[in-house]
Amino acid sequence: MRIATLPLVLAALAVMAPAHALAWGGHGHRIIGVAAMEALPDEVPAFLRDPTGISEIGELSREPDRSKGAGKIHDSNRDPAHFVDIDDAGLVMGGPKFETPLPPTRADYEKQLQAAGTDSWKAGYLQYSIVDQYQQLTLDFAYWRVLVAAEARETDPGRRAWYAADRALREGLLKTTIGALSHYVADGAQPLHTTVHYNGWGDYPNPKGYTTERIHGVFEGEFTRAHVSLADLKGAMAPLRLCDCAVEDRTVDYILAGFAEVEPFYALEKAGGFAPADPRGVAFVLTQTAAGASELRDLVVEAWRDSVDSQVGWRPVKVADVVAGRVDPFDALYSID
């Protein structure tokens, strides 16, 4: 069914949607976050696996979209964090090829885009959003490990109370970081957040006659809410898959997997697969949301394990040394400077 045959209210929503809409809507982002956290193995700290923590992370998974509208500077800087516009040649808007290895920093990426006459505000930088939040999560876990170890060993009541208070703050920060990571990982599973064809095929060669209607918002919002439940999503998730690779490489592969579904999405839309309750469209959405939840779970586990090899504070102390009792971390954490 073409967009013109959907209910008029949905068509109106699609017309009003921004160029890059809110991937998966509130419902999709929430259940992707919840499903991932409910699938975590027991090795991950228990406060992230209890019902309260899981529910909070589900809500925080929506936060990067909920923050939209704060102001022009805020939005113009943050909106491109949700997408990357890969074209049919595999280039980011005619610039650098989207492949491994990534340019080492966003500044390096920006130089390559500007050499092609565009920039990351137009082309997006979703890949860096995911890596950024993964690195923050790894560091948050490292601090938590050190605080837990120091609190358990500390004999001074004042210092022990400070460790306990700082650990509680870190647990809140961990949930916030996982919420942000959840959001951007979920964006990467929405094919329309990985392509220049982000809201209809657009002004590009279109020999197969794919729709040029603004279909982004209806697909990820109303259709997903109507047809994908948390139980369905959990049942479709892949087994835990850890990668002996850099997170940058894993992220590129993950986004490219979403990008590979762009043309199948448009072909399915042309065939009427996103008519209400059409099993083909339901299966497509379920597969993509499950890919997002599976990737989020895997990255949380990877970050937890990687945090063992981190160092924290100033001057930095190694996590392994604190956990083993070889180093007192108080000065490094409290910042005696």
# chains A, B, ... in the order shown; residues from 1 in each chain; ligands from 1
>>> closest_atom_pairs(of="segment 122-196 of chain A", to="segment 249-262 of chain A", cutoff="6 Å", atoms="only C-alpha atoms", output="tab-separated table")
residue	atom	partner	partner_atom	distance
A:Gly188	CA	A:Ile255	CA	5.3
A:Ala189	CA	A:Gly258	CA	5.1
A:Pro191	CA	A:Gly258	CA	4.9
A:Thr194	CA	A:Phe259	CA	5.4
>>> select_by_dssp(residues="segment 94-180 of chain A", states="alpha helix (DSSP H)", output="ChimeraX atom specification")
/A:106-115,120-123,126-153,157-180
>>> closest_residue(among="A:Thr212, A:Thr138, A:Ser129, A:Gln311", to="His82 of chain A", atoms="only C-alpha atoms")
A:Ser129
>>> atom_distance(atom1="atom CA of Val185 of chain A", atom2="atom CA of Arg170 of chain A")
21.9 Å
>>> residues_around(residues="Ser294 of chain A", least_positions_apart="3", cutoff="8 Å", atoms="only C-alpha atoms", output="short mmCIF file (atom, residue, chain, number, x, y, z; two decimals) with N, CA and C atoms, in the first residue's frame")
data_model
loop_
_atom_site.label_atom_id
_atom_site.label_comp_id
_atom_site.auth_asym_id
_atom_site.auth_seq_id
_atom_site.Cartn_x
_atom_site.Cartn_y
_atom_site.Cartn_z
N ALA A 36 17.21 -5.40 25.49
CA ALA A 36 18.66 -5.60 25.61
C ALA A 36 19.06 -5.81 27.07
N MET A 237 15.63 -11.84 19.17
CA MET A 237 17.02 -11.44 19.35
C MET A 237 18.00 -12.57 19.05
N ALA A 238 19.18 -12.20 18.59
CA ALA A 238 20.24 -13.17 18.29
C ALA A 238 20.97 -13.53 19.58
N PRO A 239 21.68 -14.66 19.59
CA PRO A 239 22.51 -14.99 20.76
C PRO A 239 23.61 -13.97 20.96
N LEU A 240 24.15 -13.92 22.17
CA LEU A 240 25.25 -13.02 22.49
C LEU A 240 26.41 -13.25 21.52
N ALA A 290 15.12 -6.13 16.55
CA ALA A 290 15.85 -7.18 17.26
C ALA A 290 17.35 -7.06 17.03
N ALA A 291 17.74 -6.63 15.82
CA ALA A 291 19.16 -6.40 15.55
C ALA A 291 19.69 -5.30 16.46
N ARG A 297 22.86 -5.11 23.69
CA ARG A 297 23.27 -6.08 24.72
C ARG A 297 24.73 -6.45 24.58
N ASP A 298 25.16 -6.75 23.35
CA ASP A 298 26.54 -7.18 23.11
C ASP A 298 27.53 -6.08 23.48
#
>>> residues_around(residues="Gln136 of chain A", least_positions_apart="4", cutoff="12 Å", atoms="only C-alpha atoms", output="ChimeraX atom specification")
/A:129-132,140-143,170,173-181,299-300,303-304,306-307,310,312
>>> write_last_selection(atoms="C-alpha atoms", output="compact mmCIF listing (two decimals), in the first residue's frame")
# COMPACT_ATOMS: atom_id res chain seq x y z
CA SER A 129 27.93 8.73 18.32
CA ILE A 130 27.97 4.97 18.94
CA VAL A 131 31.72 4.77 19.50
CA ASP A 132 31.66 7.84 21.77
CA ASP A 140 31.85 4.51 33.65
CA PHE A 141 32.15 0.78 34.33
CA ALA A 142 35.83 1.22 35.21
CA TYR A 143 34.99 3.88 37.81
CA ARG A 170 28.13 6.59 39.02
CA LEU A 173 25.49 8.01 35.16
CA LEU A 174 25.82 4.44 33.90
CA LYS A 175 22.10 4.26 33.24
CA THR A 176 22.20 7.58 31.40
CA THR A 177 25.15 6.47 29.28
CA ILE A 178 23.52 3.16 28.42
CA GLY A 179 20.35 5.05 27.49
CA ALA A 180 22.30 7.21 25.04
CA LEU A 181 24.17 4.22 23.63
CA LEU A 299 28.12 -3.74 23.42
CA VAL A 300 27.18 -3.43 27.10
CA ALA A 303 32.22 -2.49 27.62
CA TRP A 304 31.91 -4.26 30.99
CA ASP A 306 36.90 -3.96 28.54
CA SER A 307 36.61 -1.84 31.69
CA SER A 310 41.05 0.73 32.02
CA VAL A 312 40.61 6.12 36.12
>>> residues_around(residues="segment 100-117 of chain A", least_positions_apart="5", cutoff="8 Å", atoms="only C-alpha atoms", output="number ranges by chain")
A: 92, 94-95, 125, 128, 248-249, 252
>>> select_by_dssp(residues="segment 80-250 of chain A", states="strand (DSSP E or B)", output="number ranges by chain")
A: 84, 86, 91-92, 97, 124, 195, 198, 200
>>> write_last_selection(atoms="N, CA and C atoms", output="PDB file, in the first residue's frame")
ATOM      1  N   VAL A  84      23.707   8.706   9.410  1.00  0.00           N
ATOM      2  CA  VAL A  84      24.805   8.910   8.473  1.00  0.00           C
ATOM      3  C   VAL A  84      24.244   8.637   7.081  1.00  0.00           C
ATOM      4  N   ILE A  86      24.684   7.484   3.702  1.00  0.00           N
ATOM      5  CA  ILE A  86      25.494   6.719   2.757  1.00  0.00           C
ATOM      6  C   ILE A  86      24.748   6.674   1.427  1.00  0.00           C
ATOM      7  N   LEU A  91      29.454   5.752  -0.479  1.00  0.00           N
ATOM      8  CA  LEU A  91      30.161   6.940  -0.003  1.00  0.00           C
ATOM      9  C   LEU A  91      29.238   7.756   0.896  1.00  0.00           C
ATOM     10  N   VAL A  92      29.816   8.493   1.816  1.00  0.00           N
ATOM     11  CA  VAL A  92      29.005   9.386   2.646  1.00  0.00           C
ATOM     12  C   VAL A  92      28.797  10.684   1.874  1.00  0.00           C
ATOM     13  N   LYS A  97      34.453   6.945   1.616  1.00  0.00           N
ATOM     14  CA  LYS A  97      33.767   5.655   1.593  1.00  0.00           C
ATOM     15  C   LYS A  97      33.475   5.236   3.025  1.00  0.00           C
ATOM     16  N   GLY A 124      25.762  13.669   8.664  1.00  0.00           N
ATOM     17  CA  GLY A 124      25.571  12.880   9.868  1.00  0.00           C
ATOM     18  C   GLY A 124      26.837  12.213  10.351  1.00  0.00           C
ATOM     19  N   THR A 195      21.163   6.230   5.202  1.00  0.00           N
ATOM     20  CA  THR A 195      21.092   6.378   3.748  1.00  0.00           C
ATOM     21  C   THR A 195      20.691   7.790   3.318  1.00  0.00           C
ATOM     22  N   TYR A 198      16.571   8.805   2.909  1.00  0.00           N
ATOM     23  CA  TYR A 198      16.090   8.707   4.285  1.00  0.00           C
ATOM     24  C   TYR A 198      14.603   8.961   4.453  1.00  0.00           C
ATOM     25  N   GLY A 200      11.813   8.723   1.616  1.00  0.00           N
ATOM     26  CA  GLY A 200      11.511   8.635   0.200  1.00  0.00           C
ATOM     27  C   GLY A 200      12.815   8.584  -0.582  1.00  0.00           C
TER      28      GLY A 200
END
